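> Shown below is the structure under consideration.
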Amino acid sequence: MAELCTHGLSVEAGNQRLVDGASIRLVPGEFVALLGPNGAGKTSLLRASLGLEKKVIGRATIDGSDTAALSPMQRARHIAYLPQQRPLAWPNTVRDVVSLGRYAYGAAPGRLSAEDAAAVDAAIARCDLTALAQRQTDTLSGGELARVHCARAFAAEAPLLIADEPVAALDPRHQFRIMDIIADFVAAGGGALVVLHDITLAARYASRMIWMKQGRIVADGAPEETLTAARMAEIYGVQARVDGRRVEIEGAV
Ligand SMILES: Nc1ncnc2c1ncn2[C@@H]1O[C@H](COP(=O)(O)OP(=O)(O)OP(=O)(O)O)[C@@H](O)[C@H]1O
């Protein structure tokens with residue numbers, strides 16, 4: 001079974017500790033929301049778990065192997081990463097951009113095996129992009145482009161997905177569409193670790209919530225256990241009304 005683990009992972013930059021002793025685990029069948037205020041260290045933790053940060057203490061492993069020791073191709077076969085910054089080098093067709101996700105198998109746009117092409121078509125269909133497959137990416141709306149980035153991640157057919165704020169700047173309907181696509185991936189046997197700032201959305205979809213503050217993980221568990229008014233005050237400094245998975249933010253504390 002695919003398993004991503006960090007064991008007491010810390011990340012440093014200069015004299016600052018961005019992540020402090022974080023231990024997390026992600027396996028298929030889980031939809032995990034990673035939560036915390038701006039600057040809490042969420043992106044640094046994700047990058048370190050993928051072996052992409054330099055000054056790291058502790059271990060991050062995929063199926064027992066240190067992620068930092070894996071080649072980018074090996075890593076990409078285990079885990080798809082949708083970063084917060086998602087630049088496109090140049091405008092291209094949707095299908096060609098999604099094809100870049102087959103990098104893990106040595107493929108490139110215009111050089112796809114039958115298996116690569118099938119994976120690209122499946123990712124395009126999964127993200128509801130079939131009608132847009134030949135469109136240039138610079139003609140797409142923000143919501144459509146967000147689905148292209150998801151499809152590119154899914155094209156690798158990795159069992160695990162890490163997505164850093166995949167619904168940022170999307171309207172509510174498009175947020176739900178992206179979250180539904182990730183939920184479908186999990187229902188089909190994948191495991192997803194997703195950074196979200198929208199607690200309502202996180203509570204609706206996540207099977208587990210990991211809460212971070214000032215580089216530390218302060219809670220990790222089911223929404224029913226970890227989503228409380230006290231935690232909302234502790235983590236975000238807001239007053240909230242919580243009823244099961246329902247949360248209503250009333251204002252700053
Ligand atoms: N290379 C670096 N050098 C110095 N400080 C850094 C570096 N990278 C990140 N930081 C700082 O570390 C802190 C954590 O950043 P990080 O991006 O991990 O937080 P985050 O929780 O993902 O925030 P956001 O929700 O705003 O994206 C921030 O204060 C950031 O300025």
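Starting from 1 in every chain, residues are counted up; chains themselves are A, B, ... following the order of the structure tokens, and ligands are numbered from 1 as listed.
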Quick check for you: according to DSSP on this backbone, which residues of range 107-139 of chain A are classed as helix (DSSP H, G or I)? Reply as a PyMOL selection string.
chain A and resi 114-126+130-132+137-139
> Identify, on the basis of only C-alpha atoms, every residue whose closest approach to Gln136 in chain A does not exceed 8 Å; exclude the query and any residue fewer than 2 positions from it along the same chain; express the result as a PyMOL selection string.
chain A and resi 91-94+134+138-140
> Would you name the residues within 6 Å of ligand 1, counting only C-alpha atoms and all ligand atoms, and put them as a VMD selection string?
chain A and resid 13 18 37 to 44
> Name the closest residue to Glu53 in chain A among the candidates A:Asp198, A:Glu12, A:Glu248, A:Glu157; distances are taken between atoms, counting only C-alpha atoms.
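Answer, going by the shortest atom-to-atom distance: A:Glu12.
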> Applying 6 Å and only C-alpha atoms, which residues near Gly8 in chain A remain after dropping the ones on its own chain fewer than 4 positions away? List them as a ChimeraX atom specification.
/A:21-23,58
> Give me the residues within 10 Å of Ile124 in chain A as a list in words, counting only C-alpha atoms and dropping any in the same chain fewer than 5 places off.
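Result of the neighbour search: Val94, Arg95, Val98, Ser99, Ala118, Ala119, Leu129, Thr130, Ala131, Leu132, Ala133, Arg147, Val148, Cys150, Ala151, Arg152, Phe154 and Ala155 of chain A.
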> Could you write those residues out with C-alpha atoms, as a PDB file, in the first residue's frame?

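New file part.pdb:
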ATOM      1  CA  VAL A  94      -5.188  21.453 -22.671  1.00  0.00           C
ATOM      2  CA  ARG A  95      -4.294  17.954 -23.838  1.00  0.00           C
ATOM      3  CA  VAL A  98      -2.195  17.318 -19.183  1.00  0.00           C
ATOM      4  CA  SER A  99       0.292  15.111 -21.095  1.00  0.00           C
ATOM      5  CA  ALA A 118      -5.147   6.396 -22.331  1.00  0.00           C
ATOM      6  CA  ALA A 119      -4.051   7.866 -18.971  1.00  0.00           C
ATOM      7  CA  LEU A 129     -12.289  18.696 -19.838  1.00  0.00           C
ATOM      8  CA  THR A 130     -13.068  16.518 -22.846  1.00  0.00           C
ATOM      9  CA  ALA A 131     -14.822  19.356 -24.690  1.00  0.00           C
ATOM     10  CA  LEU A 132     -11.887  21.667 -23.979  1.00  0.00           C
ATOM     11  CA  ALA A 133      -9.070  19.245 -24.834  1.00  0.00           C
ATOM     12  CA  ARG A 147      -9.248  21.564 -13.580  1.00  0.00           C
ATOM     13  CA  VAL A 148      -6.409  21.361 -16.141  1.00  0.00           C
ATOM     14  CA  CYS A 150      -5.794  18.662 -11.519  1.00  0.00           C
ATOM     15  CA  ALA A 151      -5.915  16.580 -14.695  1.00  0.00           C
ATOM     16  CA  ARG A 152      -2.178  17.015 -15.179  1.00  0.00           C
ATOM     17  CA  PHE A 154      -4.007  12.746 -12.172  1.00  0.00           C
ATOM     18  CA  ALA A 155      -2.382  11.814 -15.512  1.00  0.00           C
TER      19      ALA A 155
END
> Mind the document's chain letters and residue numbers, and return as a count of residues only the residues of range 32-200 of chain A that DSSP labels strand (DSSP E).
27
> List the neighbours of Pro87 in chain A out to 12 Å using only C-alpha atoms; skip same-chain residues closer than 2 positions along the sequence, and give me the result as a PyMOL selection string.
chain A and resi 82-85+89-91+97+137-138+145-146+149
> Output C-alpha atoms for every residue in the selection just made, as a PDB file, in the first residue's frame.

ATOM      1  CA  LEU A  82      -0.152  20.235  -7.257  1.00  0.00           C
ATOM      2  CA  PRO A  83       1.845  23.210  -5.943  1.00  0.00           C
ATOM      3  CA  GLN A  84       0.442  26.550  -4.824  1.00  0.00           C
ATOM      4  CA  GLN A  85       2.195  28.391  -7.659  1.00  0.00           C
ATOM      5  CA  ALA A  89       5.768  27.846 -19.240  1.00  0.00           C
ATOM      6  CA  TRP A  90       3.869  28.812 -22.389  1.00  0.00           C
ATOM      7  CA  PRO A  91       0.310  28.536 -23.689  1.00  0.00           C
ATOM      8  CA  VAL A  97      -0.489  20.371 -20.704  1.00  0.00           C
ATOM      9  CA  THR A 137      -4.750  27.144 -22.004  1.00  0.00           C
ATOM     10  CA  ASP A 138      -4.456  30.960 -22.195  1.00  0.00           C
ATOM     11  CA  LEU A 145      -7.508  26.115 -15.677  1.00  0.00           C
ATOM     12  CA  ALA A 146      -7.718  24.745 -12.124  1.00  0.00           C
ATOM     13  CA  HIS A 149      -3.851  21.408 -13.308  1.00  0.00           C
TER      14      HIS A 149
END
> For Ala33 in chain A, please output as a VMD selection string all residues within 7 Å (counting only C-alpha atoms; exclusion window: fewer than 4 positions along the same chain).
chain A and resid 193 to 196 202 206 208 to 210
> Nearest to Ala203 in chain A among A:Arg75, A:Arg102, A:Arg246, A:Arg231, with distances taken over only C-alpha atoms: which residue is it?
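Ranked by minimum distance to Ala203 in chain A, first place goes to A:Arg246.
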> Pick out the closest residue to Val32 in chain A from this set: A:Ala240, A:Met232, A:Ile162, A:Ile217. Count only C-alpha atoms.
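Distance minimum relative to Val32 in chain A lands on A:Ile162.
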